[in-house]
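Next comes coords-v6.cif, a file with mmCIF, C-alpha atoms.
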```cif
data_input
loop_
_atom_site.label_atom_id
_atom_site.label_comp_id
_atom_site.auth_asym_id
_atom_site.auth_seq_id
_atom_site.Cartn_x
_atom_site.Cartn_y
_atom_site.Cartn_z
CA MET A 126 -42.89 83.57 -144.10
CA SER A 127 -46.37 85.02 -144.35
CA LYS A 128 -46.63 88.29 -146.27
CA PHE A 129 -48.96 89.52 -143.53
CA GLY A 130 -47.03 92.08 -141.46
CA ALA A 131 -47.45 93.06 -137.82
CA SER A 132 -48.58 96.53 -138.90
CA SER A 133 -51.65 94.94 -140.45
CA PHE A 134 -52.99 93.89 -137.03
CA SER A 135 -54.66 97.29 -136.93
CA LYS A 136 -56.62 96.40 -140.10
CA LEU A 137 -58.45 93.52 -138.45
CA PRO A 138 -62.26 93.90 -138.53
CA GLN A 139 -63.23 94.89 -134.99
CA HIS A 140 -66.10 94.30 -132.63
CA PRO A 141 -67.27 97.57 -130.98
CA ASP A 142 -65.77 98.44 -127.59
CA GLU A 143 -69.06 97.57 -125.87
CA TYR A 144 -69.23 94.07 -127.40
CA ASP A 145 -70.18 91.38 -124.86
CA PHE A 146 -67.73 88.44 -124.80
CA GLY A 147 -69.38 87.03 -121.69
CA SER A 148 -68.87 88.23 -118.13
CA ASP A 149 -65.79 86.05 -117.60
CA ILE A 150 -63.86 87.51 -120.56
CA ASN A 151 -65.22 91.03 -120.03
CA GLU A 152 -63.84 91.06 -116.49
CA ALA A 153 -60.47 89.58 -117.51
CA ASN A 154 -60.18 92.10 -120.37
CA ARG A 155 -60.51 94.91 -117.84
CA ILE A 156 -57.09 93.92 -116.50
CA LEU A 157 -55.46 92.40 -119.56
CA LEU A 158 -56.15 95.39 -121.82
CA SER A 159 -55.30 98.05 -119.24
CA LYS A 160 -52.00 99.95 -119.03
CA GLU A 161 -52.41 100.22 -115.26
CA TYR A 162 -51.33 96.64 -114.55
CA GLU A 163 -47.88 95.06 -114.68
CA GLN A 164 -47.14 92.06 -116.90
CA SER A 165 -46.94 89.77 -113.86
CA GLN A 166 -50.43 90.85 -112.80
CA LYS A 167 -51.75 90.22 -116.30
CA ILE A 168 -50.23 86.74 -116.40
CA GLU A 169 -51.83 85.99 -113.03
CA CYS A 170 -55.19 87.21 -114.40
CA LEU A 171 -54.88 85.07 -117.53
CA PHE A 172 -53.89 81.98 -115.55
CA ASN A 173 -56.80 82.51 -113.15
CA TRP A 174 -59.15 82.68 -116.14
CA ILE A 175 -57.71 79.52 -117.71
CA SER A 176 -57.98 77.63 -114.41
CA ARG A 177 -61.74 78.30 -114.27
CA TYR A 178 -63.03 78.79 -117.80
CA ASN A 179 -60.84 76.82 -120.19
CA PRO A 180 -62.65 73.59 -121.16
CA CYS A 181 -59.32 71.71 -121.34
CA PHE A 182 -58.36 70.14 -118.02
CA PHE A 183 -54.70 69.95 -119.03
CA GLY A 184 -54.68 73.75 -119.24
CA ARG A 185 -56.54 74.15 -115.97
CA VAL A 186 -54.14 71.89 -114.10
CA ALA A 187 -50.99 73.29 -115.76
CA VAL A 188 -51.61 76.95 -114.85
CA ARG A 189 -52.22 75.89 -111.25
CA GLN A 190 -48.85 74.11 -111.29
CA SER A 191 -50.53 71.08 -109.74
CA GLU A 192 -50.56 67.29 -110.26
CA GLY A 193 -46.98 67.47 -111.50
CA LEU A 194 -48.05 69.48 -114.57
CA SER A 195 -46.62 72.90 -115.40
CA VAL A 196 -46.46 75.39 -118.24
CA GLU A 197 -44.24 78.26 -119.43
CA ILE A 198 -45.48 81.44 -121.10
CA CYS A 199 -43.91 83.84 -123.58
CA TRP A 200 -45.71 87.18 -123.21
CA ILE A 201 -45.84 89.54 -126.21
CA SER A 202 -47.07 93.06 -125.49
CA GLU A 203 -48.81 95.34 -127.97
CA SER A 204 -45.71 97.53 -128.23
CA GLU A 205 -43.58 94.46 -129.00
CA ILE A 206 -45.91 93.41 -131.82
CA GLU A 207 -45.20 96.76 -133.45
CA LEU A 208 -41.45 96.00 -133.48
CA GLY A 209 -42.04 93.59 -136.34
CA GLN A 210 -41.48 90.04 -137.48
CA LEU A 211 -37.72 89.73 -136.88
CA TYR A 212 -38.04 90.92 -133.28
CA LEU A 213 -40.93 88.52 -132.63
CA ILE A 214 -39.08 85.58 -134.18
CA ASP A 215 -36.03 86.23 -132.02
CA LYS A 216 -38.02 86.57 -128.79
CA ILE A 217 -40.28 83.58 -129.42
CA GLN A 218 -37.54 81.23 -130.63
CA THR A 219 -35.30 82.17 -127.69
CA ALA A 220 -38.18 81.44 -125.31
CA ARG A 221 -38.96 78.22 -127.19
CA ARG A 222 -35.43 76.90 -126.66
CA ALA A 223 -35.44 77.92 -122.98
CA TRP A 224 -38.74 76.10 -122.51
CA LYS A 225 -37.31 72.95 -124.11
CA ASP A 226 -34.38 73.11 -121.69
CA LYS A 227 -36.90 72.91 -118.83
CA ALA A 228 -38.97 70.27 -120.59
CA GLU A 229 -35.88 68.09 -121.01
CA LYS A 230 -35.68 67.88 -117.21
CA GLY A 231 -39.41 67.20 -116.82
CA LYS A 232 -39.99 70.64 -115.29
CA SER A 233 -42.41 71.92 -117.96
CA HIS A 234 -44.92 70.19 -120.23
CA GLY A 235 -46.70 73.01 -122.04
CA PHE A 236 -45.84 76.33 -123.68
CA LEU A 237 -48.08 79.36 -124.21
CA ILE A 238 -47.27 82.23 -126.58
CA PHE A 239 -49.63 85.08 -125.73
CA PHE A 240 -50.08 88.19 -127.88
CA ASN A 241 -51.63 90.78 -125.56
CA SER A 242 -53.39 93.27 -127.86
CA LYS A 243 -56.71 95.08 -128.03
CA GLN A 244 -56.79 94.69 -131.82
CA LEU A 245 -56.53 90.94 -131.39
CA ALA A 246 -58.89 90.85 -128.41
CA PHE A 247 -61.68 92.60 -130.36
CA ALA A 248 -60.97 91.04 -133.77
CA LYS A 249 -63.98 89.58 -135.55
CA PRO A 250 -63.81 86.14 -137.15
CA SER A 251 -62.68 86.89 -140.71
CA PHE A 252 -60.17 86.05 -143.42
CA GLU A 253 -58.01 88.81 -141.92
CA LEU A 254 -57.99 86.99 -138.58
CA LEU A 255 -57.10 83.77 -140.38
CA ASP A 256 -54.13 85.61 -141.91
CA VAL A 257 -53.04 86.64 -138.41
CA CYS A 258 -53.23 83.01 -137.30
CA ARG A 259 -50.94 82.08 -140.16
CA TYR A 260 -48.61 84.96 -139.32
CA VAL A 261 -48.14 83.90 -135.70
CA SER A 262 -47.86 80.26 -136.78
CA ASP A 263 -45.04 81.21 -139.14
CA ILE A 264 -43.03 82.93 -136.42
CA TYR A 265 -43.44 79.98 -134.06
CA PHE A 266 -43.09 77.06 -136.49
CA ILE A 267 -40.30 78.72 -138.47
CA GLU A 268 -39.20 75.26 -139.65
CA HIS A 269 -42.51 74.93 -141.53
CA ALA A 270 -43.06 78.54 -142.68
CA PRO A 271 -45.04 79.49 -144.61
CA THR A 272 -47.63 77.48 -142.71
CA GLU A 273 -50.93 76.44 -144.27
CA THR A 274 -54.50 76.47 -143.02
CA ASP A 275 -56.38 73.24 -142.17
CA VAL A 276 -53.13 71.45 -141.40
CA ILE A 277 -51.93 69.73 -138.22
CA TYR A 278 -48.57 71.02 -136.97
CA THR A 279 -46.85 69.10 -134.22
CA GLU A 280 -44.14 70.27 -131.83
CA ALA A 281 -41.31 68.06 -130.51
CA ILE A 282 -40.68 68.17 -126.74
CA PRO A 283 -37.47 66.62 -125.32
CA LEU A 284 -37.34 64.54 -122.14
CA ARG A 285 -34.33 62.86 -120.53
CA ASP A 286 -35.00 59.64 -118.61
CA LYS A 287 -33.34 58.32 -115.46
CA ASN A 288 -30.64 56.65 -117.57
CA GLU A 289 -29.81 59.97 -119.29
CA ASN A 290 -31.35 58.83 -122.57
CA LEU A 291 -32.94 61.69 -124.53
CA SER A 292 -36.19 61.35 -126.50
CA ILE A 293 -38.72 63.66 -128.08
CA PHE A 294 -42.49 63.46 -127.81
CA LYS A 295 -45.13 64.85 -130.16
CA ALA A 296 -47.10 67.83 -128.87
CA GLY A 297 -50.28 69.41 -130.19
CA ALA A 298 -50.66 73.07 -131.13
CA ASN A 299 -53.82 75.23 -131.04
CA ILE A 300 -54.76 78.90 -131.36
CA PHE A 301 -57.20 80.73 -129.04
CA TYR A 302 -58.77 84.21 -129.32
CA PRO A 303 -61.76 86.13 -127.82
CA GLY A 304 -63.67 86.46 -131.11
CA ALA A 305 -64.40 82.73 -130.99
CA HIS A 306 -67.11 83.58 -128.44
CA LYS A 307 -70.52 82.13 -129.43
CA THR A 308 -69.22 80.95 -132.82
CA ARG A 309 -68.48 77.42 -134.00
CA ASN A 310 -65.03 77.90 -132.49
CA HIS A 311 -66.45 78.89 -129.08
CA ASP A 312 -64.28 76.53 -127.03
CA ARG A 313 -61.16 78.26 -128.39
CA ARG A 314 -62.12 81.55 -126.70
CA ILE A 315 -59.70 83.32 -124.38
CA PRO A 316 -59.46 86.90 -123.05
CA GLY A 317 -56.93 89.62 -123.79
CA GLY A 318 -55.54 88.74 -127.19
CA LEU A 319 -54.44 85.70 -129.18
CA MET A 320 -52.60 82.65 -127.88
CA ILE A 321 -50.76 79.65 -129.30
CA SER A 322 -50.90 76.68 -126.92
CA ILE A 323 -48.49 73.73 -127.06
CA ASN A 324 -48.89 70.62 -124.91
CA SER A 325 -47.96 66.94 -124.86
CA PRO A 326 -49.87 64.42 -122.73
CA GLY A 327 -47.21 61.80 -123.47
CA HIS A 328 -44.34 63.97 -122.31
CA TYR A 329 -46.31 64.72 -119.14
CA ALA A 330 -47.09 61.03 -118.48
CA ASN A 331 -43.48 59.91 -118.92
CA SER A 332 -42.15 62.76 -116.77
CA LEU A 333 -44.44 61.66 -113.94
CA VAL A 334 -42.71 58.28 -113.99
CA TYR A 335 -39.19 59.72 -114.26
CA ARG A 336 -39.88 62.08 -111.31
CA ASP A 337 -41.37 59.24 -109.23
CA LEU A 338 -44.79 60.92 -109.22
CA ALA A 339 -46.35 57.80 -110.78
CA SER A 340 -45.41 54.20 -110.08
CA SER A 341 -45.65 53.14 -113.72
CA LEU A 342 -46.36 54.45 -117.20
CA SER A 343 -49.67 52.58 -117.06
CA GLU A 344 -50.71 54.57 -113.98
CA ALA A 345 -49.56 57.85 -115.56
CA ILE A 346 -51.44 57.19 -118.79
CA GLU A 347 -54.60 56.37 -116.83
CA HIS A 348 -54.32 59.79 -115.16
CA VAL A 349 -53.76 61.52 -118.52
CA ARG A 350 -56.63 59.59 -120.10
CA ASN A 351 -59.03 60.82 -117.42
CA LEU A 352 -57.97 64.44 -117.99
CA ALA A 353 -58.60 63.98 -121.72
CA TRP A 354 -62.02 62.41 -121.18
CA LEU A 355 -62.96 65.25 -118.82
CA SER A 356 -61.94 67.84 -121.43
CA ILE A 357 -64.16 66.43 -124.19
CA GLY A 358 -67.68 67.78 -123.83
CA ASN A 359 -66.68 70.31 -121.16
CA GLY A 360 -67.12 73.35 -123.43
CA GLY A 361 -69.86 75.87 -123.99
CA ILE A 362 -68.55 77.93 -121.05
CA GLY A 363 -69.29 81.67 -121.09
CA ASP A 364 -72.83 81.70 -122.48
CA GLU A 365 -75.87 79.87 -121.10
CA LYS A 366 -77.20 79.09 -124.59
CA MET A 367 -74.01 77.43 -125.81
CA TYR A 368 -73.28 73.74 -126.08
CA SER A 369 -69.81 72.23 -125.98
CA THR A 370 -68.22 72.25 -129.43
CA THR A 371 -66.85 68.76 -128.71
CA TRP A 372 -68.78 65.83 -127.29
CA HIS A 373 -68.38 62.15 -126.52
CA ASN A 374 -69.69 59.56 -128.97
CA GLN A 375 -71.61 56.65 -127.51
CA ASP A 376 -70.53 53.03 -127.89
CA PRO A 377 -73.55 50.68 -127.84
CA SER A 378 -71.26 47.70 -127.21
CA GLN A 379 -70.11 49.10 -123.86
CA LEU A 380 -72.33 48.37 -120.90
CA PRO A 381 -72.86 51.25 -118.43
CA SER A 382 -71.58 48.96 -115.68
CA GLU A 383 -68.27 48.68 -117.58
CA CYS A 384 -67.63 52.43 -117.68
CA PRO A 385 -63.87 52.88 -117.08
CA MET A 386 -64.14 56.41 -115.67
CA LYS A 387 -64.24 57.17 -111.97
CA ASN A 388 -66.28 60.14 -110.73
CA ARG A 389 -67.82 60.61 -114.17
CA PRO A 390 -69.49 64.03 -114.64
CA PRO A 391 -73.01 64.16 -116.14
CA TYR A 392 -71.88 65.51 -119.53
CA ILE A 393 -70.06 62.21 -120.21
CA PRO A 394 -72.39 59.27 -121.03
CA SER A 395 -71.73 56.02 -119.20
CA ASP A 396 -71.30 54.22 -122.53
CA PHE A 397 -68.94 56.79 -124.06
CA SER A 398 -66.58 55.63 -126.78
CA LYS A 399 -62.95 55.17 -125.79
CA GLU A 400 -61.89 55.30 -129.44
CA ASN A 401 -63.40 58.47 -130.91
CA TYR A 402 -65.44 61.60 -130.24
CA SER A 403 -67.10 64.39 -132.26
CA GLY A 404 -66.58 68.11 -132.69
CA LEU A 405 -67.26 71.14 -134.85
CA TYR A 406 -63.63 71.19 -135.95
CA HIS A 407 -60.60 68.92 -135.90
CA THR A 408 -59.13 69.68 -132.49
CA ASP A 409 -55.52 69.18 -133.71
CA ILE A 410 -55.66 71.71 -136.58
CA LEU A 411 -53.65 74.86 -135.90
CA SER A 412 -55.52 77.31 -138.19
CA PRO A 413 -58.93 75.92 -139.23
CA THR A 414 -60.37 78.02 -142.05
CA SER A 415 -64.12 77.53 -141.75
CA VAL A 416 -64.51 78.23 -138.02
CA THR A 417 -61.99 81.09 -137.96
CA ILE A 418 -63.68 83.13 -140.71
CA ASP A 419 -67.29 82.37 -139.66
CA SER A 420 -68.65 85.25 -137.58
CA LYS A 421 -72.16 83.82 -137.29
CA GLU A 422 -73.21 83.22 -133.71
CA ILE A 423 -74.56 79.80 -132.90
CA ASP A 424 -78.07 81.12 -132.19
CA GLU A 425 -78.13 82.34 -135.80
CA LEU A 426 -77.51 78.73 -136.85
CA GLU A 427 -80.76 77.53 -135.20
CA GLY A 428 -78.90 76.25 -132.14
CA ASP A 429 -77.78 72.72 -131.40
CA TYR A 430 -75.33 73.06 -134.32
CA LYS A 431 -77.83 72.21 -137.04
CA GLY A 432 -76.31 72.74 -140.45
CA CYS A 433 -72.74 72.81 -139.11
CA GLU A 434 -69.97 70.57 -140.38
CA ILE A 435 -69.38 67.79 -137.84
CA TRP A 436 -66.16 65.84 -137.39
CA LYS A 437 -67.64 62.54 -136.17
CA GLU A 438 -64.54 60.40 -135.74
CA LEU A 439 -61.88 62.41 -133.93
CA ARG A 440 -59.51 59.83 -132.47
CA ILE A 441 -58.73 59.35 -128.80
CA ASP A 442 -57.55 55.73 -128.93
CA TYR A 443 -53.92 56.90 -128.90
CA LEU A 444 -54.11 57.22 -125.09
CA THR A 445 -52.48 53.83 -124.64
CA GLU A 446 -49.25 52.06 -123.71
CA ARG A 447 -49.24 50.39 -127.10
CA ARG A 448 -46.12 51.05 -129.17
CA PHE A 449 -46.52 52.36 -132.71
CA LYS A 450 -44.07 52.10 -135.59
CA PRO A 451 -42.29 55.16 -137.02
CA GLY A 452 -44.55 56.74 -139.61
CA ASP A 453 -47.76 55.88 -137.74
CA ARG A 454 -49.76 58.99 -136.75
CA ASN A 455 -49.53 57.85 -133.11
CA TYR A 456 -45.78 57.33 -133.10
CA ALA A 457 -43.89 59.21 -130.33
CA LEU A 458 -47.02 60.22 -128.45
CA PHE A 459 -46.44 58.07 -125.35
CA HIS A 460 -43.17 56.36 -126.28
CA GLY A 461 -40.59 58.93 -127.29
CA HIS A 462 -38.40 58.96 -130.37
CA PRO A 463 -34.72 58.62 -129.31
CA ILE A 464 -32.41 61.46 -130.37
CA SER A 465 -28.89 62.70 -129.79
CA ASP A 466 -28.24 65.74 -127.61
CA GLU A 467 -27.51 67.81 -130.72
CA ALA A 468 -31.08 67.31 -131.94
CA LYS A 469 -32.78 68.58 -128.77
CA TYR A 470 -34.22 71.72 -130.38
CA HIS A 471 -35.06 70.12 -133.72
CA ASN A 472 -38.70 69.50 -134.67
CA PRO A 473 -38.77 66.65 -137.21
CA TRP A 474 -42.50 65.89 -137.38
CA PRO A 475 -44.07 66.53 -140.80
CA PRO A 476 -47.29 68.55 -140.98
CA ILE A 477 -50.38 66.54 -141.90
CA ARG A 478 -53.49 67.73 -143.69
CA ALA A 479 -56.74 66.89 -141.90
CA VAL A 480 -59.54 65.23 -143.87
CA ASN A 481 -63.13 64.95 -142.64
CA LYS A 482 -64.06 61.52 -143.96
CA PRO A 483 -65.41 58.42 -142.17
CA GLY A 484 -62.51 56.40 -140.82
CA LEU A 485 -59.96 58.98 -141.97
CA THR A 486 -59.19 62.23 -140.15
CA TYR A 487 -55.60 62.52 -141.39
CA GLY A 488 -54.63 62.99 -145.02
CA TYR A 489 -51.24 63.25 -146.64
CA SER A 490 -48.00 64.68 -145.29
CA THR A 491 -47.30 68.23 -146.44
CA GLY A 492 -43.73 68.33 -145.21
CA LEU A 493 -40.80 66.01 -144.54
CA THR A 494 -40.76 62.38 -145.57
CA GLN A 495 -40.44 59.60 -143.01
CA ALA A 496 -36.82 59.00 -144.08
CA GLN A 497 -35.95 62.66 -143.56
CA TYR A 498 -37.26 62.96 -140.01
CA MET A 499 -35.75 59.67 -138.90
CA HIS A 500 -32.22 60.87 -139.70
#
```

What does this structure look like when you write it as C-alpha cells?
Amino acid sequence: MSKFGASSFSKLPQHPDEYDFGSDINEANRILLSKEYEQSQKIECLFNWISRYNPCFFGRVAVRQSEGLSVEICWISESEIELGQLYLIDKIQTARRAWKDKAEKGKSHGFLIFFNSKQLAFAKPSFELLDVCRYVSDIYFIEHAPTETDVIYTEAIPLRDKNENLSIFKAGANIFYPGAHKTRNHDRRIPGGLMISINSPGHYANSLVYRDLASSLSEAIEHVRNLAWLSIGNGGIGDEKMYSTTWHNQDPSQLPSECPMKNRPPYIPSDFSKENYSGLYHTDILSPTSVTIDSKEIDELEGDYKGCEIWKELRIDYLTERRFKPGDRNYALFHGHPISDEAKYHNPWPPIRAVNKPGLTYGYSTGLTQAQYMH
C-alpha cells in the first residue's frame, strides 16, 4: 500500500477559494461542496454535470441510464476520508463486489468511486496530487498495490450469457479531478473532488445482445464504436480557449465518401483513421505523471499544444468482432475470458507500462505472467 495517508489530503497544494474552474464546475461545486445538500442531491448534481460536460459519451449515456447503459457509484464523503485507509478499503471493496454482482446480470457496465472533498476539489496539479492518485488507486486495485504511475491497470467485469456461462471482460480505469482544468489533462476535469472511473465497452456490447437490446454482437459493436468515435476530439469543454486533449488522426487512404460514421459532428474529419488517434496523454493510464504534476495552463504553453508531448498512435482498432489470442493486449475486450463462478470477483489482468513510441504504446507487463492469469 502507498505510504501516503488520508490525513495528508490536507497537505495538498491548494488553489484559492476564488479560483475559476469554469462556470460549469463552479456551479456544480456550489452544491457538491456544501453541507446543506444530501448525498442523493449531490449525486444527482454530479450526474447532471457528467451528462452535459464530460467529453466521454459512454459517461454521458451511462449517468442518464439510457441506451441500455448504466453505472453504479460509491460515494466517499470528506468525513469518511478521515476515517483512514482500512475503512476506505472495506467500503470500496464491498461496493466493488456488489457492483460486479449487478454487472454479472448485465444490469451495470461502469463503476464510479467519488471522493467528495474540498481539499481534492481545489488541489493544484503537483507531485502531492500524484501521490493521492496512487493512494486511491491502491485502495481500489488492492490486488496490484502498491500501484505505479504511468501504468495501465485493467479491471475485470463478469457477465453471464443466456446459457449461464460466465466470462470476464477487460475494463479501463481513469482518474478525474477539478485541478485538471486548463492544463494538459483538461479533459479529465470533474467538479467536487476526485473520481476513479471504470468502464468496459465490450461488457456493454455483449450485455446488449444478452438482454435482446441488440440483434447481434456486430450491431452492438457498431453502436459502441460510434460512441467511442464521438468521444475522441469532444474535449476542451469548460473554457473557450481550450482545444480537445484528444483528436482524430486523418487517414489519406480513406475517401470522404467512404466515411463509416453516420451523423458525423464537425470535429471529426470525414477521413478520420479507424485504427488510431492522438492525445496529450495515453488515455488508458491510471496515474499519468507528467500531466498530473504540470500546473501550467495551456495558454502559458503558447496554445495549440505547442511543445507538449503528443501520443500520436493511441489505438482504437480493438473495436471489432475479431477474436484475439490470450496474451494479446486486445484479448477479452469484446469476447470474454471464460471463468468459473468462484473467480467472479478475481481480477487477473496484469498491469502494463505505457510507452510513447511509434507503433508501440504498450510496454512490458509489470504484474502477473500469462500463465498465472490463465489459471

Item to complete: Report as a ChimeraX atom specification the residues that result from applying the PyMOL selection byres ((chain A and resi 408) around 12) to the structure here.
Response: /A:181,275-278,297-301,310,312-313,356-357,370-372,402-407,409-413,416,435-441,479,481,486-487

Discussion item. Show me, as an MDAnalysis selection string, the residues that have an atom within 10 Å of region 304-309 of chain A when counting all atoms listed in the file, minus same-chain residues fewer than 2 positions from it.
Written reply: chainID A and resid 139:140 145:147 150 245:251 254 301:302 311:316 318:319 361:364 366:370 404:406 415:426 430 433:434

Worksheet entry | Nearest residue to Asn154 (chain A) from the set A:Pro381, A:Asn290, A:Ile206, A:Gly317 (distances using all atoms listed in the file) | A:Gly317

Discussion item. Assuming the chain letters and numbering stay as they are in my file, what does the PyMOL selection byres ((chain A and resi 378) around 10) actually select? List them as a ChimeraX atom specification.
Written reply: /A:375-377,379-381,396-398

Go ahead and save the picked residues with C-alpha atoms, as a CSV table (one decimal), in the coordinates of the input.
```csv
chain,number,residue,atom,x,y,z
A,375,GLN,CA,-71.6,56.6,-127.5
A,376,ASP,CA,-70.5,53.0,-127.9
A,377,PRO,CA,-73.6,50.7,-127.8
A,379,GLN,CA,-70.1,49.1,-123.9
A,380,LEU,CA,-72.3,48.4,-120.9
A,381,PRO,CA,-72.9,51.2,-118.4
A,396,ASP,CA,-71.3,54.2,-122.5
A,397,PHE,CA,-68.9,56.8,-124.1
A,398,SER,CA,-66.6,55.6,-126.8
```

Item to complete: For region 230-233 of chain A, list every protein, DNA or RNA residue within 9 Å, evaluated using only C-alpha atoms, and leave out those in the same chain fewer than 4 positions away; present the list as a PyMOL selection string.
Response: chain A and resi 187+193-197+224-226+283-286+328-329+331-333+335-336

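When CA of Phe236 (chain A) is paired with CA of Cys199 (chain A), their separation reads 7.8 Å.
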